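Asks: Following this message is one structure expressed as structure tokens.
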Amino acid sequence: MHQNNVKVMFLVLTLIVTSCIKSFTPNIESGDLNKIVVTGQVNLGEEIQRVNISRSSPISSPEYLPIIGCSVEISDDKGNVFVLGDDGNGNYTGQIDQGYLQAGTSFRIKIITPDGDEIVSDYDQINTCPEIDTVYYERKDVELNTPGKYSLGIQFYVNLDARATTSRYFMWEAYETWEYHADYPIEWWYDGVMHHVWPPDYSRKVCWKTRKIQHIYTLTTRNLTDNLFNRYELQFVDNLSARLMYGYSLLIKQYALSETAYTYWDQMRINSNQQGGLYEKQPLAIRGNLRNLTHPDNEVLGFFGAAGLRSTRIFVANVPDLPLDFNTLCSPSILLKGLREIGPSDYPAYLMGNEFGYSLVQLNVECVDCLAQKGGTNVKPDFWPN
């Protein structure tokens with residue numbers, strides 16, 4: 001009888017606890033789902049300046065909602081105005097000669113949307129960006145959430161030496177490029193008739209893909225005696241993909257920010273790094289430096305800034321003591337019933353073979369076409385080593 005009472009109490013407690021944990025959907029007013037979002041920055045070191053204008057979308061179904069047809073101009077604190085052109089898809093670009101891009105000069109943006117809203121930013125000042133001291137990588141095993149389990153890979157670092165400048169606020173962006181291969185060239189293919197390509201077609205055997213690392217890297221040295229910092233962690237690349245198989249490159253862009261811009265991007269970093277657990281901290285309310293003059297109550301998201309910029313690129317190949325552990329997307333299948341297994345919906349069907357003949361082994365398109373694998377390009381980047 002005592003045991004039954006214990007079981008009943010346990011069930012009651014379980015029901016109480018589980019009933020208290022409910023999925024949480026933020027109560028976001030409809031006006032918050034249609035806010036104008038502006039991202040862009042005047043960079044000392046780049047002549048072409050870029051701005052993106054879009055609208056926010058629901059958290060439950062995020063999508064990119066570009067705003068096209070805007071009038072966009074950037075002005076400095078000396079009265080110079082630079083007009084940006086509409087490149088489509090919410091992207092606006094314009095050229096500012098380097099003579100106008102000087103440390104100490106401040107810039108702001110003005111936007112007129114197709115609906116007639118006038119959006120302006122505060123002025124933001126260009127700061128001197130020091131040369132990138134060093135970017136390097138080391139072999140590193142990162143412990144996972146499961147005790148005793150590790151992710152094998154390489155960890156990139158940057159060293160900062162800004163002692164020759166007065167800049168104290170920094171941000172880095174990283175863009176990775178890697179080479180990847182299809183397993184076979186195109187040699188035999190079937191579309192009701194057998195075709196033999198000789199010599200084999202290697203045009204889609206080797207590809208490259210570039211993408212921006214989404215992580216935000218920020219650092220301030222304002223509380224340090226010396227304006228330098230070593231071993232700031234950037235990208236970690238594990239061994240579970242083909243990224244380190246044939247060649248890997250990391251482009252690092254280093255920005256010297258104003259204190260206002262740094263505060264904005266550092267809060268963005270904090271929010272983006274939160275995991276959202278049951279007892280996690282609430283996201284920071286981030287306010288940028290843009291406002292809607294036509295409808296002052298309509299909040300504008302984003303930040304328009306100005307920064308000094310330096311960049312460098314590092315290449316990686318044949319990392320010692322790092323076994324790669326990944327499967328390719330190539331899955332050959334044996335045609336037990338011969339070519340009659342291949343229907344029109346399979347055309348063109350690629351087959352394994354050599355110069356003397358084909359075999360009854362069908363290759364999926366990823367086996368012979370690297371463009372079908374990861375959405376890259378088969379045009380070698382200009383910066384890629386031979």
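If you're wondering about the labels, chains in the structure tokens are A, B, ... by order shown, residues count from 1 in each chain, ligands from 1 in order shown.
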Residues at most 9 Å from Gly85 (chain A), counting only C-alpha atoms, excluding those fewer than 5 positions away in the same chain, as a PDB file with C-alpha atoms, in the first residue's frame?
Replies:
ATOM      1  CA  CYS A  70      14.922  52.622 -53.167  1.00  0.00           C
ATOM      2  CA  SER A  71      16.788  55.885 -53.568  1.00  0.00           C
ATOM      3  CA  VAL A  72      20.044  55.502 -51.627  1.00  0.00           C
ATOM      4  CA  GLU A  73      22.801  58.001 -50.983  1.00  0.00           C
ATOM      5  CA  ASN A  91      21.374  45.202 -53.016  1.00  0.00           C
ATOM      6  CA  TYR A  92      22.674  48.722 -53.668  1.00  0.00           C
ATOM      7  CA  THR A  93      26.240  49.605 -54.659  1.00  0.00           C
ATOM      8  CA  GLY A  94      28.239  52.714 -55.406  1.00  0.00           C
TER       9      GLY A  94
END
Asks: Compile the contact shell of region 337-346 of chain A as a PDB file with N, CA and C atoms, in the first residue's frame: residues with an atom at most 12 Å away, counting only C-alpha atoms, same-chain residues fewer than 5 positions apart removed.
Replies:
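Heads up, here's the output in selection.pdb:
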ATOM      1  N   TRP A 189      27.670   7.378 -70.746  1.00  0.00           N
ATOM      2  CA  TRP A 189      26.338   7.764 -70.306  1.00  0.00           C
ATOM      3  C   TRP A 189      25.298   7.257 -71.290  1.00  0.00           C
ATOM      4  N   TYR A 190      24.091   7.070 -70.770  1.00  0.00           N
ATOM      5  CA  TYR A 190      23.035   6.378 -71.515  1.00  0.00           C
ATOM      6  C   TYR A 190      21.748   7.186 -71.450  1.00  0.00           C
ATOM      7  N   ASP A 191      21.121   7.387 -72.620  1.00  0.00           N
ATOM      8  CA  ASP A 191      19.815   8.048 -72.696  1.00  0.00           C
ATOM      9  C   ASP A 191      18.915   7.325 -73.697  1.00  0.00           C
ATOM     10  N   GLY A 192      18.985   6.003 -73.647  1.00  0.00           N
ATOM     11  CA  GLY A 192      18.341   5.163 -74.656  1.00  0.00           C
ATOM     12  C   GLY A 192      19.345   4.711 -75.689  1.00  0.00           C
ATOM     13  N   VAL A 193      20.402   5.481 -75.816  1.00  0.00           N
ATOM     14  CA  VAL A 193      21.542   5.150 -76.671  1.00  0.00           C
ATOM     15  C   VAL A 193      22.798   5.314 -75.823  1.00  0.00           C
ATOM     16  N   MET A 194      23.745   4.407 -75.981  1.00  0.00           N
ATOM     17  CA  MET A 194      24.970   4.486 -75.200  1.00  0.00           C
ATOM     18  C   MET A 194      25.943   5.479 -75.834  1.00  0.00           C
ATOM     19  N   LEU A 351      27.494   5.747 -66.306  1.00  0.00           N
ATOM     20  CA  LEU A 351      27.945   4.390 -66.016  1.00  0.00           C
ATOM     21  C   LEU A 351      29.442   4.368 -65.756  1.00  0.00           C
ATOM     22  N   TYR A 358      31.972  -0.205 -70.949  1.00  0.00           N
ATOM     23  CA  TYR A 358      31.283   0.198 -69.723  1.00  0.00           C
ATOM     24  C   TYR A 358      30.920  -1.034 -68.911  1.00  0.00           C
ATOM     25  N   SER A 359      30.619  -0.805 -67.650  1.00  0.00           N
ATOM     26  CA  SER A 359      30.142  -1.875 -66.784  1.00  0.00           C
ATOM     27  C   SER A 359      28.736  -1.537 -66.336  1.00  0.00           C
ATOM     28  N   LEU A 360      28.024  -2.527 -65.866  1.00  0.00           N
ATOM     29  CA  LEU A 360      26.640  -2.329 -65.440  1.00  0.00           C
ATOM     30  C   LEU A 360      26.599  -1.807 -63.999  1.00  0.00           C
ATOM     31  N   VAL A 361      27.247  -0.696 -63.811  1.00  0.00           N
ATOM     32  CA  VAL A 361      27.251   0.006 -62.532  1.00  0.00           C
ATOM     33  C   VAL A 361      26.860   1.452 -62.805  1.00  0.00           C
ATOM     34  N   GLN A 362      25.704   1.851 -62.285  1.00  0.00           N
ATOM     35  CA  GLN A 362      25.221   3.211 -62.520  1.00  0.00           C
ATOM     36  C   GLN A 362      25.786   4.159 -61.466  1.00  0.00           C
ATOM     37  N   LEU A 363      26.183   5.336 -61.932  1.00  0.00           N
ATOM     38  CA  LEU A 363      26.718   6.370 -61.057  1.00  0.00           C
ATOM     39  C   LEU A 363      25.693   7.487 -60.912  1.00  0.00           C
ATOM     40  N   ASN A 364      25.349   7.826 -59.679  1.00  0.00           N
ATOM     41  CA  ASN A 364      24.471   8.989 -59.501  1.00  0.00           C
ATOM     42  C   ASN A 364      25.207  10.243 -59.960  1.00  0.00           C
ATOM     43  N   VAL A 365      24.462  11.295 -60.254  1.00  0.00           N
ATOM     44  CA  VAL A 365      25.053  12.473 -60.886  1.00  0.00           C
ATOM     45  C   VAL A 365      26.153  13.089 -60.026  1.00  0.00           C
TER      46      VAL A 365
END
Asks: Give me, as an MDAnalysis selection string, all polymer residues having an atom no more than 8 Å from Gly153 (chain A), counting only C-alpha atoms and skipping those fewer than 3 positions away in the same chain.
Replies: chainID A and resid 139:142 236:239 322
Asks: Hey, what does DSSP flag as alpha helix (DSSP H) within region 148-383 of chain A? Can you give it to me as a ChimeraX atom specification?
Replies: /A:259-273,365-368,371-374
Asks: Just list the residues in region 67-222 of chain A DSSP gives strand (DSSP E) on the backbone, as a PyMOL selection string.
Replies: chain A and resi 71-76+81-88+91-95+106-112+118-121+124-125+134-143+150-161+169-181+186-190+194-201+206-212+217-220
Asks: Compare A:Gln267, A:Asn223, A:Ser167, A:Ser106 by their minimum atom-to-atom distance to Asp77 (chain A), counting only C-alpha atoms, and give me the closest one.
Replies: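 Result for the nearest residue to Asp77 (chain A): A:Ser106.
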